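Trainee: Got a file for you: run-v8.txt, compact mmCIF, N, CA and C atoms.
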# COMPACT_ATOMS: atom_id res chain seq x y z
N GLY O 1 -2.38 -12.89 -13.22
CA GLY O 1 -1.94 -12.13 -14.35
C GLY O 1 -3.00 -11.20 -14.84
N GLY O 2 -2.73 -10.53 -15.91
CA GLY O 2 -3.70 -9.63 -16.50
C GLY O 2 -3.52 -8.20 -16.06
N LEU O 3 -4.43 -7.35 -16.48
CA LEU O 3 -4.39 -5.93 -16.20
C LEU O 3 -4.89 -5.63 -14.80
N GLN O 4 -4.09 -4.93 -14.02
CA GLN O 4 -4.50 -4.46 -12.70
C GLN O 4 -4.78 -2.97 -12.82
N VAL O 5 -5.90 -2.51 -12.30
CA VAL O 5 -6.35 -1.13 -12.47
C VAL O 5 -6.41 -0.43 -11.12
N GLY O 6 -5.83 0.77 -11.06
CA GLY O 6 -5.90 1.58 -9.86
C GLY O 6 -6.14 3.03 -10.21
N GLY O 7 -6.53 3.80 -9.22
CA GLY O 7 -6.80 5.23 -9.42
C GLY O 7 -8.28 5.50 -9.27
N GLY O 8 -8.67 6.02 -8.13
CA GLY O 8 -10.07 6.35 -7.91
C GLY O 8 -10.95 5.16 -7.64
N VAL O 9 -10.37 4.01 -7.33
CA VAL O 9 -11.16 2.80 -7.09
C VAL O 9 -11.83 2.87 -5.73
N THR O 10 -13.13 2.59 -5.71
CA THR O 10 -13.92 2.55 -4.47
C THR O 10 -14.76 1.28 -4.48
N ALA O 11 -15.44 1.04 -3.37
CA ALA O 11 -16.33 -0.11 -3.31
C ALA O 11 -17.49 0.05 -4.29
N ASP O 12 -17.82 1.29 -4.65
CA ASP O 12 -18.92 1.53 -5.58
C ASP O 12 -18.58 1.24 -7.04
N ASN O 13 -17.29 1.39 -7.42
CA ASN O 13 -16.95 1.21 -8.83
C ASN O 13 -15.99 0.05 -9.11
N ALA O 14 -15.46 -0.58 -8.09
CA ALA O 14 -14.44 -1.61 -8.27
C ALA O 14 -14.92 -2.77 -9.15
N LYS O 15 -16.14 -3.19 -8.94
CA LYS O 15 -16.65 -4.34 -9.70
C LYS O 15 -16.72 -4.04 -11.20
N GLU O 16 -16.98 -2.79 -11.55
CA GLU O 16 -17.04 -2.40 -12.96
C GLU O 16 -15.72 -2.67 -13.67
N TYR O 17 -14.60 -2.37 -12.99
CA TYR O 17 -13.29 -2.60 -13.58
C TYR O 17 -13.05 -4.09 -13.80
N LEU O 18 -13.46 -4.89 -12.85
CA LEU O 18 -13.28 -6.34 -12.99
C LEU O 18 -14.16 -6.89 -14.10
N GLN O 19 -15.38 -6.41 -14.17
CA GLN O 19 -16.29 -6.86 -15.23
C GLN O 19 -15.81 -6.42 -16.61
N ALA O 20 -15.06 -5.33 -16.66
CA ALA O 20 -14.52 -4.84 -17.94
C ALA O 20 -13.24 -5.57 -18.34
N GLY O 21 -12.75 -6.46 -17.47
CA GLY O 21 -11.60 -7.27 -17.85
C GLY O 21 -10.38 -7.17 -16.97
N ALA O 22 -10.37 -6.27 -16.01
CA ALA O 22 -9.22 -6.18 -15.10
C ALA O 22 -9.15 -7.44 -14.24
N SER O 23 -7.93 -7.90 -13.99
CA SER O 23 -7.77 -9.07 -13.12
C SER O 23 -7.83 -8.68 -11.65
N HIS O 24 -7.40 -7.44 -11.33
CA HIS O 24 -7.36 -6.95 -9.95
C HIS O 24 -7.65 -5.46 -9.95
N VAL O 25 -8.07 -4.95 -8.80
CA VAL O 25 -8.14 -3.51 -8.58
C VAL O 25 -7.11 -3.15 -7.52
N ILE O 26 -6.52 -1.96 -7.68
CA ILE O 26 -5.51 -1.46 -6.76
C ILE O 26 -6.10 -0.27 -6.02
N VAL O 27 -6.00 -0.28 -4.70
CA VAL O 27 -6.58 0.82 -3.92
C VAL O 27 -5.58 1.35 -2.90
N THR O 28 -5.67 2.65 -2.68
CA THR O 28 -4.89 3.31 -1.64
C THR O 28 -5.80 4.28 -0.91
N SER O 29 -5.97 5.45 -1.51
CA SER O 29 -6.64 6.56 -0.84
C SER O 29 -8.02 6.19 -0.28
N HIS O 30 -8.76 5.36 -1.00
CA HIS O 30 -10.11 5.02 -0.55
C HIS O 30 -10.11 4.30 0.80
N VAL O 31 -9.09 3.53 1.09
CA VAL O 31 -9.10 2.78 2.35
C VAL O 31 -8.44 3.53 3.50
N PHE O 32 -7.99 4.76 3.23
CA PHE O 32 -7.44 5.60 4.28
C PHE O 32 -8.36 6.80 4.47
N HIS O 33 -8.71 7.07 5.72
CA HIS O 33 -9.59 8.19 6.04
C HIS O 33 -9.03 8.90 7.25
N ASP O 34 -8.86 10.20 7.12
CA ASP O 34 -8.25 11.00 8.21
C ASP O 34 -6.91 10.42 8.65
N GLY O 35 -6.14 9.93 7.68
CA GLY O 35 -4.80 9.43 7.97
C GLY O 35 -4.73 8.06 8.61
N LYS O 36 -5.84 7.35 8.64
CA LYS O 36 -5.88 6.02 9.26
C LYS O 36 -6.50 5.01 8.30
N VAL O 37 -6.18 3.75 8.49
CA VAL O 37 -6.83 2.70 7.70
C VAL O 37 -8.29 2.66 8.11
N ASP O 38 -9.17 2.72 7.13
CA ASP O 38 -10.60 2.63 7.37
C ASP O 38 -11.01 1.18 7.11
N MET O 39 -11.06 0.41 8.18
CA MET O 39 -11.34 -1.03 8.04
C MET O 39 -12.72 -1.29 7.45
N ASP O 40 -13.68 -0.40 7.70
CA ASP O 40 -15.01 -0.59 7.12
C ASP O 40 -14.94 -0.49 5.60
N ARG O 41 -14.20 0.50 5.09
CA ARG O 41 -14.06 0.63 3.64
C ARG O 41 -13.29 -0.55 3.05
N LEU O 42 -12.24 -0.98 3.75
CA LEU O 42 -11.46 -2.12 3.27
C LEU O 42 -12.32 -3.37 3.22
N LYS O 43 -13.08 -3.62 4.26
CA LYS O 43 -13.95 -4.80 4.29
C LYS O 43 -15.04 -4.72 3.22
N ALA O 44 -15.55 -3.51 2.97
CA ALA O 44 -16.56 -3.34 1.92
C ALA O 44 -15.97 -3.68 0.55
N LEU O 45 -14.75 -3.26 0.30
CA LEU O 45 -14.09 -3.60 -0.97
C LEU O 45 -13.91 -5.11 -1.10
N VAL O 46 -13.48 -5.74 -0.04
CA VAL O 46 -13.29 -7.19 -0.07
C VAL O 46 -14.63 -7.88 -0.33
N ALA O 47 -15.70 -7.38 0.26
CA ALA O 47 -17.02 -7.97 0.04
C ALA O 47 -17.45 -7.85 -1.42
N VAL O 48 -17.05 -6.77 -2.08
CA VAL O 48 -17.45 -6.53 -3.47
C VAL O 48 -16.58 -7.31 -4.45
N VAL O 49 -15.24 -7.28 -4.27
CA VAL O 49 -14.36 -7.87 -5.28
C VAL O 49 -13.69 -9.16 -4.83
N GLY O 50 -13.67 -9.42 -3.55
CA GLY O 50 -12.97 -10.60 -3.03
C GLY O 50 -11.52 -10.30 -2.75
N LYS O 51 -10.98 -10.94 -1.75
CA LYS O 51 -9.58 -10.75 -1.35
C LYS O 51 -8.63 -11.07 -2.50
N THR O 52 -8.95 -12.07 -3.29
CA THR O 52 -8.03 -12.54 -4.33
C THR O 52 -7.88 -11.57 -5.49
N ARG O 53 -8.75 -10.56 -5.58
CA ARG O 53 -8.68 -9.61 -6.70
C ARG O 53 -8.36 -8.19 -6.24
N LEU O 54 -7.88 -8.09 -4.99
CA LEU O 54 -7.59 -6.78 -4.42
C LEU O 54 -6.10 -6.62 -4.15
N VAL O 55 -5.53 -5.53 -4.68
CA VAL O 55 -4.13 -5.16 -4.42
C VAL O 55 -4.16 -3.88 -3.59
N LEU O 56 -3.48 -3.90 -2.47
CA LEU O 56 -3.44 -2.74 -1.59
C LEU O 56 -2.13 -1.99 -1.81
N ASP O 57 -2.24 -0.73 -2.19
CA ASP O 57 -1.08 0.12 -2.43
C ASP O 57 -0.64 0.74 -1.11
N LEU O 58 0.55 0.39 -0.67
CA LEU O 58 1.12 0.91 0.57
C LEU O 58 2.34 1.77 0.28
N SER O 59 2.29 2.55 -0.79
CA SER O 59 3.42 3.42 -1.13
C SER O 59 3.71 4.32 0.06
N CYS O 60 5.00 4.51 0.33
CA CYS O 60 5.36 5.15 1.59
C CYS O 60 6.59 6.03 1.46
N ARG O 61 6.77 6.83 2.51
CA ARG O 61 7.92 7.73 2.59
C ARG O 61 8.63 7.49 3.91
N ARG O 62 9.92 7.78 3.89
CA ARG O 62 10.75 7.66 5.09
C ARG O 62 10.37 8.80 6.03
N VAL O 63 10.10 8.45 7.29
CA VAL O 63 9.70 9.45 8.28
C VAL O 63 10.92 9.93 9.05
N ALA O 64 11.64 8.98 9.61
CA ALA O 64 12.77 9.36 10.46
C ALA O 64 13.65 8.15 10.67
N GLN O 65 14.83 8.41 11.12
CA GLN O 65 15.73 7.33 11.53
C GLN O 65 15.31 6.93 12.94
N GLY O 66 15.36 5.66 13.25
CA GLY O 66 15.01 5.20 14.58
C GLY O 66 15.99 5.70 15.63
N GLU O 67 15.68 5.48 16.86
CA GLU O 67 16.54 5.89 17.97
C GLU O 67 17.82 5.06 17.99
N GLY O 68 18.94 5.70 18.31
CA GLY O 68 20.20 4.98 18.46
C GLY O 68 20.88 4.72 17.12
N SER O 69 22.17 4.52 17.18
CA SER O 69 22.90 4.27 15.94
C SER O 69 22.56 2.89 15.40
N GLY O 70 22.45 2.82 14.11
CA GLY O 70 22.15 1.54 13.47
C GLY O 70 20.68 1.20 13.45
N SER O 71 19.82 2.05 14.00
CA SER O 71 18.39 1.78 13.99
C SER O 71 17.83 1.94 12.57
N ALA O 72 16.84 1.16 12.28
CA ALA O 72 16.23 1.17 10.95
C ALA O 72 15.34 2.40 10.77
N PRO O 73 15.24 2.92 9.55
CA PRO O 73 14.31 4.03 9.27
C PRO O 73 12.86 3.58 9.46
N VAL O 74 11.99 4.55 9.61
CA VAL O 74 10.55 4.32 9.74
C VAL O 74 9.90 4.79 8.44
N TYR O 75 8.97 4.00 7.93
CA TYR O 75 8.25 4.34 6.69
C TYR O 75 6.76 4.38 6.98
N LYS O 76 6.11 5.45 6.51
CA LYS O 76 4.66 5.56 6.67
C LYS O 76 4.00 5.73 5.30
N VAL O 77 2.82 5.14 5.17
CA VAL O 77 2.06 5.19 3.93
C VAL O 77 1.62 6.62 3.65
N VAL O 78 1.72 7.01 2.37
CA VAL O 78 1.24 8.30 1.90
C VAL O 78 0.20 8.07 0.81
N THR O 79 -0.79 8.95 0.75
CA THR O 79 -1.89 8.80 -0.20
C THR O 79 -2.05 10.08 -1.00
N ASP O 80 -3.05 10.09 -1.87
CA ASP O 80 -3.40 11.26 -2.66
C ASP O 80 -2.19 11.85 -3.37
N ARG O 81 -1.72 11.09 -4.35
CA ARG O 81 -0.53 11.46 -5.12
C ARG O 81 0.69 11.64 -4.21
N TRP O 82 0.74 10.84 -3.16
CA TRP O 82 1.86 10.79 -2.21
C TRP O 82 2.03 12.08 -1.43
N GLN O 83 0.96 12.86 -1.31
CA GLN O 83 1.05 14.14 -0.62
C GLN O 83 0.49 14.11 0.81
N LYS O 84 -0.38 13.16 1.11
CA LYS O 84 -1.00 13.10 2.44
C LYS O 84 -0.40 11.94 3.24
N TRP O 85 0.12 12.27 4.40
CA TRP O 85 0.70 11.27 5.30
C TRP O 85 -0.40 10.55 6.06
N THR O 86 -0.18 9.27 6.29
CA THR O 86 -1.07 8.50 7.17
C THR O 86 -0.29 8.13 8.42
N ASP O 87 -0.98 7.54 9.37
CA ASP O 87 -0.28 7.08 10.58
C ASP O 87 0.15 5.62 10.46
N LEU O 88 -0.07 5.00 9.28
CA LEU O 88 0.25 3.58 9.13
C LEU O 88 1.73 3.39 8.82
N GLU O 89 2.42 2.78 9.76
CA GLU O 89 3.83 2.44 9.56
C GLU O 89 3.92 1.10 8.86
N VAL O 90 4.77 1.02 7.86
CA VAL O 90 4.98 -0.24 7.15
C VAL O 90 5.95 -1.08 7.97
N THR O 91 5.43 -2.15 8.53
CA THR O 91 6.20 -3.06 9.37
C THR O 91 5.81 -4.49 9.02
N GLU O 92 6.57 -5.43 9.54
CA GLU O 92 6.22 -6.84 9.35
C GLU O 92 4.81 -7.11 9.87
N GLU O 93 4.48 -6.52 11.01
CA GLU O 93 3.17 -6.75 11.63
C GLU O 93 2.03 -6.16 10.78
N THR O 94 2.19 -4.92 10.27
CA THR O 94 1.11 -4.35 9.47
C THR O 94 0.95 -5.10 8.15
N LEU O 95 2.05 -5.56 7.58
CA LEU O 95 1.94 -6.37 6.36
C LEU O 95 1.16 -7.65 6.64
N LYS O 96 1.45 -8.27 7.76
CA LYS O 96 0.75 -9.50 8.13
C LYS O 96 -0.74 -9.24 8.33
N GLU O 97 -1.06 -8.18 9.06
CA GLU O 97 -2.47 -7.85 9.34
C GLU O 97 -3.23 -7.53 8.05
N LEU O 98 -2.66 -6.68 7.22
CA LEU O 98 -3.36 -6.27 6.01
C LEU O 98 -3.42 -7.37 4.96
N SER O 99 -2.50 -8.32 5.01
CA SER O 99 -2.52 -9.43 4.05
C SER O 99 -3.76 -10.29 4.21
N GLU O 100 -4.45 -10.16 5.31
CA GLU O 100 -5.71 -10.90 5.52
C GLU O 100 -6.82 -10.37 4.62
N HIS O 101 -6.60 -9.20 4.00
CA HIS O 101 -7.66 -8.54 3.24
C HIS O 101 -7.35 -8.35 1.76
N CYS O 102 -6.17 -8.77 1.30
CA CYS O 102 -5.82 -8.57 -0.10
C CYS O 102 -4.89 -9.70 -0.56
N SER O 103 -4.63 -9.72 -1.87
CA SER O 103 -3.79 -10.79 -2.41
C SER O 103 -2.38 -10.33 -2.71
N GLU O 104 -2.17 -9.01 -2.71
CA GLU O 104 -0.86 -8.48 -3.08
C GLU O 104 -0.73 -7.05 -2.58
N PHE O 105 0.52 -6.62 -2.37
CA PHE O 105 0.81 -5.23 -2.06
C PHE O 105 1.57 -4.60 -3.22
N LEU O 106 1.29 -3.33 -3.47
CA LEU O 106 2.07 -2.51 -4.38
C LEU O 106 2.70 -1.42 -3.52
N VAL O 107 4.03 -1.28 -3.60
CA VAL O 107 4.70 -0.29 -2.75
C VAL O 107 5.72 0.49 -3.57
N HIS O 108 5.53 1.79 -3.61
CA HIS O 108 6.53 2.69 -4.19
C HIS O 108 7.36 3.25 -3.05
N GLY O 109 8.67 3.18 -3.19
CA GLY O 109 9.55 3.89 -2.27
C GLY O 109 9.58 5.33 -2.76
N VAL O 110 8.65 6.14 -2.27
CA VAL O 110 8.39 7.46 -2.83
C VAL O 110 9.63 8.36 -2.79
N ASP O 111 10.41 8.27 -1.75
CA ASP O 111 11.57 9.16 -1.61
C ASP O 111 12.62 8.96 -2.71
N VAL O 112 12.64 7.78 -3.31
CA VAL O 112 13.63 7.51 -4.36
C VAL O 112 12.99 7.28 -5.73
N GLU O 113 11.68 7.36 -5.81
CA GLU O 113 10.97 7.13 -7.07
C GLU O 113 11.43 8.12 -8.13
N GLY O 114 11.83 7.58 -9.28
CA GLY O 114 12.23 8.38 -10.42
C GLY O 114 13.63 8.96 -10.35
N LEU O 115 14.36 8.70 -9.30
CA LEU O 115 15.69 9.29 -9.14
C LEU O 115 16.83 8.42 -9.67
N GLN O 116 16.55 7.15 -9.91
CA GLN O 116 17.57 6.21 -10.36
C GLN O 116 18.79 6.23 -9.44
N SER O 117 18.51 6.35 -8.13
CA SER O 117 19.59 6.45 -7.14
C SER O 117 19.73 5.19 -6.30
N GLY O 118 19.01 4.15 -6.67
CA GLY O 118 19.05 2.91 -5.91
C GLY O 118 17.78 2.75 -5.08
N ILE O 119 17.51 1.52 -4.72
CA ILE O 119 16.29 1.21 -3.98
C ILE O 119 16.44 1.62 -2.51
N GLU O 120 15.31 1.69 -1.84
CA GLU O 120 15.26 1.92 -0.39
C GLU O 120 15.49 0.56 0.27
N GLU O 121 16.74 0.21 0.47
CA GLU O 121 17.05 -1.13 0.98
C GLU O 121 16.39 -1.46 2.31
N PRO O 122 16.36 -0.55 3.30
CA PRO O 122 15.68 -0.91 4.55
C PRO O 122 14.19 -1.19 4.34
N LEU O 123 13.55 -0.45 3.43
CA LEU O 123 12.15 -0.71 3.12
C LEU O 123 11.97 -2.06 2.46
N VAL O 124 12.83 -2.38 1.52
CA VAL O 124 12.74 -3.67 0.83
C VAL O 124 12.94 -4.82 1.82
N GLN O 125 13.80 -4.63 2.80
CA GLN O 125 13.99 -5.66 3.84
C GLN O 125 12.70 -5.88 4.62
N ILE O 126 11.98 -4.80 4.91
CA ILE O 126 10.68 -4.95 5.59
C ILE O 126 9.70 -5.68 4.68
N LEU O 127 9.65 -5.27 3.42
CA LEU O 127 8.70 -5.86 2.47
C LEU O 127 8.97 -7.35 2.26
N ALA O 128 10.21 -7.76 2.41
CA ALA O 128 10.57 -9.17 2.24
C ALA O 128 9.91 -10.06 3.30
N THR O 129 9.40 -9.47 4.37
CA THR O 129 8.73 -10.25 5.42
C THR O 129 7.26 -10.49 5.11
N SER O 130 6.76 -9.92 4.02
CA SER O 130 5.34 -10.03 3.70
C SER O 130 4.94 -11.47 3.43
N PRO O 131 3.78 -11.86 3.94
CA PRO O 131 3.29 -13.22 3.67
C PRO O 131 2.64 -13.37 2.29
N ILE O 132 2.46 -12.26 1.58
CA ILE O 132 1.87 -12.30 0.24
C ILE O 132 2.80 -11.56 -0.73
N PRO O 133 2.60 -11.72 -2.04
CA PRO O 133 3.46 -11.05 -3.00
C PRO O 133 3.45 -9.52 -2.85
N VAL O 134 4.61 -8.93 -3.13
CA VAL O 134 4.78 -7.47 -3.10
C VAL O 134 5.45 -7.04 -4.39
N THR O 135 4.91 -6.01 -5.03
CA THR O 135 5.59 -5.37 -6.14
C THR O 135 6.16 -4.07 -5.60
N TYR O 136 7.50 -3.93 -5.69
CA TYR O 136 8.19 -2.73 -5.21
C TYR O 136 8.65 -1.91 -6.41
N ALA O 137 8.54 -0.59 -6.30
CA ALA O 137 9.06 0.31 -7.32
C ALA O 137 9.72 1.48 -6.61
N GLY O 138 10.79 1.98 -7.21
CA GLY O 138 11.42 3.18 -6.68
C GLY O 138 12.92 3.07 -6.64
N GLY O 139 13.58 3.99 -7.32
CA GLY O 139 15.03 4.08 -7.27
C GLY O 139 15.78 3.28 -8.31
N VAL O 140 15.08 2.50 -9.09
CA VAL O 140 15.75 1.67 -10.10
C VAL O 140 15.83 2.40 -11.42
Translate this structure into structure tokens?
Mentor:
Amino acid sequence: GGLQVGGGVTADNAKEYLQAGASHVIVTSHVFHDGKVDMDRLKALVAVVGKTRLVLDLSCRRVAQGEGSGSAPVYKVVTDRWQKWTDLEVTEETLKELSEHCSEFLVHGVDVEGLQSGIEEPLVQILATSPIPVTYAGGV
């Protein structure tokens, strides 16, 4: 519980937020470099704040419909105010891998955020496979 703080969080300043009373820090852009997960930065954050106090923001956008009828859409993480695409696809496997480094995921379904048009159901189905808690926002 408590206040979770995100926005501009890096390995250099994350501890300050926790010392000031935040229960967790939320990170996105800092752990992505050139459109890829920067495992060195992620590990550095974990070393500073601990896995239990780190929330990884995997807010994403729909890329394309999969091949063939009935195929599920593909979602990729976007950073920097949701303007920069990464190559990280949100899947059961990536959720499992990244859950080794954080205690929770925060995910905005960017394509439906603020539209009150309903949730991204295929995305929520993927998120339901996460081994750790997920907070989803978008479309409600």
Trainee: Can you tell me which residues surround region 129-131 of chain O at a distance of at most 12 Å, considering only C-alpha atoms, apart from same-chain residues fewer than 5 positions away, and format the answer as a count of residues only?
Mentor: 22
Trainee: Could you pull the residues within 8 Å of Asp40 (chain O), counting only N, CA and C atoms, minus those fewer than 5 positions along the same chain, as number ranges by chain?
Mentor: O: 31, 45-46
Trainee: Between O:Ala47, O:Val140, O:Leu58, O:Ala11, which has the minimum distance to His30 (chain O) (counting only C-alpha atoms)?
Mentor: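 Of O:Ala47, O:Val140, O:Leu58, O:Ala11, the one nearest His30 (chain O), counting only C-alpha atoms, is O:Ala11.
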Trainee: What does the distance from atom C of Lys36 (chain O) to atom C of Val9 (chain O) come to in Å, to one decimal?
Mentor: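 So the two atoms, atom C of Lys36 (chain O) and atom C of Val9 (chain O), lie 15.2 Å apart.
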Trainee: To one decimal place in Å, what is the distance between CA of Leu54 (chain O) and CA of His24 (chain O)?
Mentor: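 According to the coordinates, CA of Leu54 (chain O) and CA of His24 (chain O) are separated by 5.5 Å.
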Trainee: How many Å separate atom N of Val5 (chain O) from atom N of Gly138 (chain O)?
Mentor: 18.0 Å
Trainee: Kindly indicate which residue among O:Lys51, O:Glu16, O:Met39, O:Gly6 lies nearest to Ile132 (chain O), using only C-alpha atoms for the distances.
Mentor: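 So, comparing all the options, the nearest one is O:Lys51.
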Trainee: From the options O:Thr10, O:Lys76, O:Ala20, O:Val27, which residue's atoms come nearest to Ala44 (chain O), counting only N, CA and C atoms?
Mentor: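 Nearest to Ala44 (chain O): O:Thr10.
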Trainee: Per DSSP on the backbone, filter region 41-137 of chain O down to the residues in strand (DSSP E) and report them as a PDB file with N, CA and C atoms, in the frame of the given file.
Mentor:
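Output (states-v2.pdb):
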ATOM      1  N   LEU O  54      -7.880  -8.090  -4.990  1.00  0.00           N
ATOM      2  CA  LEU O  54      -7.590  -6.780  -4.420  1.00  0.00           C
ATOM      3  C   LEU O  54      -6.100  -6.620  -4.150  1.00  0.00           C
ATOM      4  N   VAL O  55      -5.530  -5.530  -4.680  1.00  0.00           N
ATOM      5  CA  VAL O  55      -4.130  -5.160  -4.420  1.00  0.00           C
ATOM      6  C   VAL O  55      -4.160  -3.880  -3.590  1.00  0.00           C
ATOM      7  N   LEU O  56      -3.480  -3.900  -2.470  1.00  0.00           N
ATOM      8  CA  LEU O  56      -3.440  -2.740  -1.590  1.00  0.00           C
ATOM      9  C   LEU O  56      -2.130  -1.990  -1.810  1.00  0.00           C
ATOM     10  N   ASP O  57      -2.240  -0.730  -2.190  1.00  0.00           N
ATOM     11  CA  ASP O  57      -1.080   0.120  -2.430  1.00  0.00           C
ATOM     12  C   ASP O  57      -0.640   0.740  -1.110  1.00  0.00           C
ATOM     13  N   CYS O  60       5.000   4.510   0.330  1.00  0.00           N
ATOM     14  CA  CYS O  60       5.360   5.150   1.590  1.00  0.00           C
ATOM     15  C   CYS O  60       6.590   6.030   1.460  1.00  0.00           C
ATOM     16  N   ARG O  61       6.770   6.830   2.510  1.00  0.00           N
ATOM     17  CA  ARG O  61       7.920   7.730   2.590  1.00  0.00           C
ATOM     18  C   ARG O  61       8.630   7.490   3.910  1.00  0.00           C
ATOM     19  N   ARG O  62       9.920   7.780   3.890  1.00  0.00           N
ATOM     20  CA  ARG O  62      10.750   7.660   5.090  1.00  0.00           C
ATOM     21  C   ARG O  62      10.370   8.800   6.030  1.00  0.00           C
ATOM     22  N   VAL O  63      10.100   8.450   7.290  1.00  0.00           N
ATOM     23  CA  VAL O  63       9.700   9.450   8.280  1.00  0.00           C
ATOM     24  C   VAL O  63      10.920   9.930   9.050  1.00  0.00           C
ATOM     25  N   ALA O  64      11.640   8.980   9.610  1.00  0.00           N
ATOM     26  CA  ALA O  64      12.770   9.360  10.460  1.00  0.00           C
ATOM     27  C   ALA O  64      13.650   8.150  10.670  1.00  0.00           C
ATOM     28  N   GLN O  65      14.830   8.410  11.120  1.00  0.00           N
ATOM     29  CA  GLN O  65      15.730   7.330  11.530  1.00  0.00           C
ATOM     30  C   GLN O  65      15.310   6.930  12.940  1.00  0.00           C
ATOM     31  N   PRO O  73      15.240   2.920   9.550  1.00  0.00           N
ATOM     32  CA  PRO O  73      14.310   4.030   9.270  1.00  0.00           C
ATOM     33  C   PRO O  73      12.860   3.580   9.460  1.00  0.00           C
ATOM     34  N   VAL O  74      11.990   4.550   9.610  1.00  0.00           N
ATOM     35  CA  VAL O  74      10.550   4.320   9.740  1.00  0.00           C
ATOM     36  C   VAL O  74       9.900   4.790   8.440  1.00  0.00           C
ATOM     37  N   TYR O  75       8.970   4.000   7.930  1.00  0.00           N
ATOM     38  CA  TYR O  75       8.250   4.340   6.690  1.00  0.00           C
ATOM     39  C   TYR O  75       6.760   4.380   6.980  1.00  0.00           C
ATOM     40  N   LYS O  76       6.110   5.450   6.510  1.00  0.00           N
ATOM     41  CA  LYS O  76       4.660   5.560   6.670  1.00  0.00           C
ATOM     42  C   LYS O  76       4.000   5.730   5.300  1.00  0.00           C
ATOM     43  N   VAL O  77       2.820   5.140   5.170  1.00  0.00           N
ATOM     44  CA  VAL O  77       2.060   5.190   3.930  1.00  0.00           C
ATOM     45  C   VAL O  77       1.620   6.620   3.650  1.00  0.00           C
ATOM     46  N   VAL O  78       1.720   7.010   2.370  1.00  0.00           N
ATOM     47  CA  VAL O  78       1.240   8.300   1.900  1.00  0.00           C
ATOM     48  C   VAL O  78       0.200   8.070   0.810  1.00  0.00           C
ATOM     49  N   THR O  79      -0.790   8.950   0.750  1.00  0.00           N
ATOM     50  CA  THR O  79      -1.890   8.800  -0.200  1.00  0.00           C
ATOM     51  C   THR O  79      -2.050  10.080  -1.000  1.00  0.00           C
ATOM     52  N   LYS O  84      -0.380  13.160   1.110  1.00  0.00           N
ATOM     53  CA  LYS O  84      -1.000  13.100   2.440  1.00  0.00           C
ATOM     54  C   LYS O  84      -0.400  11.940   3.240  1.00  0.00           C
ATOM     55  N   TRP O  85       0.120  12.270   4.400  1.00  0.00           N
ATOM     56  CA  TRP O  85       0.700  11.270   5.300  1.00  0.00           C
ATOM     57  C   TRP O  85      -0.400  10.550   6.060  1.00  0.00           C
ATOM     58  N   THR O  86      -0.180   9.270   6.290  1.00  0.00           N
ATOM     59  CA  THR O  86      -1.070   8.500   7.170  1.00  0.00           C
ATOM     60  C   THR O  86      -0.290   8.130   8.420  1.00  0.00           C
ATOM     61  N   ASP O  87      -0.980   7.540   9.370  1.00  0.00           N
ATOM     62  CA  ASP O  87      -0.280   7.080  10.580  1.00  0.00           C
ATOM     63  C   ASP O  87       0.150   5.620  10.460  1.00  0.00           C
ATOM     64  N   LEU O  88      -0.070   5.000   9.280  1.00  0.00           N
ATOM     65  CA  LEU O  88       0.250   3.580   9.130  1.00  0.00           C
ATOM     66  C   LEU O  88       1.730   3.390   8.820  1.00  0.00           C
ATOM     67  N   GLU O  89       2.420   2.780   9.760  1.00  0.00           N
ATOM     68  CA  GLU O  89       3.830   2.440   9.560  1.00  0.00           C
ATOM     69  C   GLU O  89       3.920   1.100   8.860  1.00  0.00           C
ATOM     70  N   GLU O 104      -2.170  -9.010  -2.710  1.00  0.00           N
ATOM     71  CA  GLU O 104      -0.860  -8.480  -3.080  1.00  0.00           C
ATOM     72  C   GLU O 104      -0.730  -7.050  -2.580  1.00  0.00           C
ATOM     73  N   PHE O 105       0.520  -6.620  -2.370  1.00  0.00           N
ATOM     74  CA  PHE O 105       0.810  -5.230  -2.060  1.00  0.00           C
ATOM     75  C   PHE O 105       1.570  -4.600  -3.220  1.00  0.00           C
ATOM     76  N   LEU O 106       1.290  -3.330  -3.470  1.00  0.00           N
ATOM     77  CA  LEU O 106       2.070  -2.510  -4.380  1.00  0.00           C
ATOM     78  C   LEU O 106       2.700  -1.420  -3.520  1.00  0.00           C
ATOM     79  N   VAL O 107       4.030  -1.280  -3.600  1.00  0.00           N
ATOM     80  CA  VAL O 107       4.700  -0.290  -2.750  1.00  0.00           C
ATOM     81  C   VAL O 107       5.720   0.490  -3.570  1.00  0.00           C
ATOM     82  N   HIS O 108       5.530   1.790  -3.610  1.00  0.00           N
ATOM     83  CA  HIS O 108       6.530   2.690  -4.190  1.00  0.00           C
ATOM     84  C   HIS O 108       7.360   3.250  -3.050  1.00  0.00           C
ATOM     85  N   VAL O 134       4.610  -8.930  -3.130  1.00  0.00           N
ATOM     86  CA  VAL O 134       4.780  -7.470  -3.100  1.00  0.00           C
ATOM     87  C   VAL O 134       5.450  -7.040  -4.390  1.00  0.00           C
ATOM     88  N   THR O 135       4.910  -6.010  -5.030  1.00  0.00           N
ATOM     89  CA  THR O 135       5.590  -5.370  -6.140  1.00  0.00           C
ATOM     90  C   THR O 135       6.160  -4.070  -5.600  1.00  0.00           C
ATOM     91  N   TYR O 136       7.500  -3.930  -5.690  1.00  0.00           N
ATOM     92  CA  TYR O 136       8.190  -2.730  -5.210  1.00  0.00           C
ATOM     93  C   TYR O 136       8.650  -1.910  -6.410  1.00  0.00           C
ATOM     94  N   ALA O 137       8.540  -0.590  -6.300  1.00  0.00           N
ATOM     95  CA  ALA O 137       9.060   0.310  -7.320  1.00  0.00           C
ATOM     96  C   ALA O 137       9.720   1.480  -6.610  1.00  0.00           C
TER      97      ALA O 137
END
Trainee: Using only C-alpha atoms for the distances, tell me which of O:Leu127, O:Val134, O:Ala22, O:Leu56 is nearest to Thr79 (chain O).
Mentor: O:Leu56
Trainee: Give the alpha helix (DSSP H) residues of chain O, as DSSP finds them on the backbone, and put them as a PyMOL selection string.
Mentor: chain O and resi 14-19+39-49+92-98+121-127
Trainee: Let me have the centre and edge lengths of the axis-aligned box enclosing all listed atoms of region 103-106 of chain O with 5 Å padding on every side, in Å to one decimal, as lines of an AutoDock Vina configuration file.
Mentor:
center_x = -1.0
center_y = -6.1
center_z = -3.1
size_x = 17.3
size_y = 19.4
size_z = 12.5
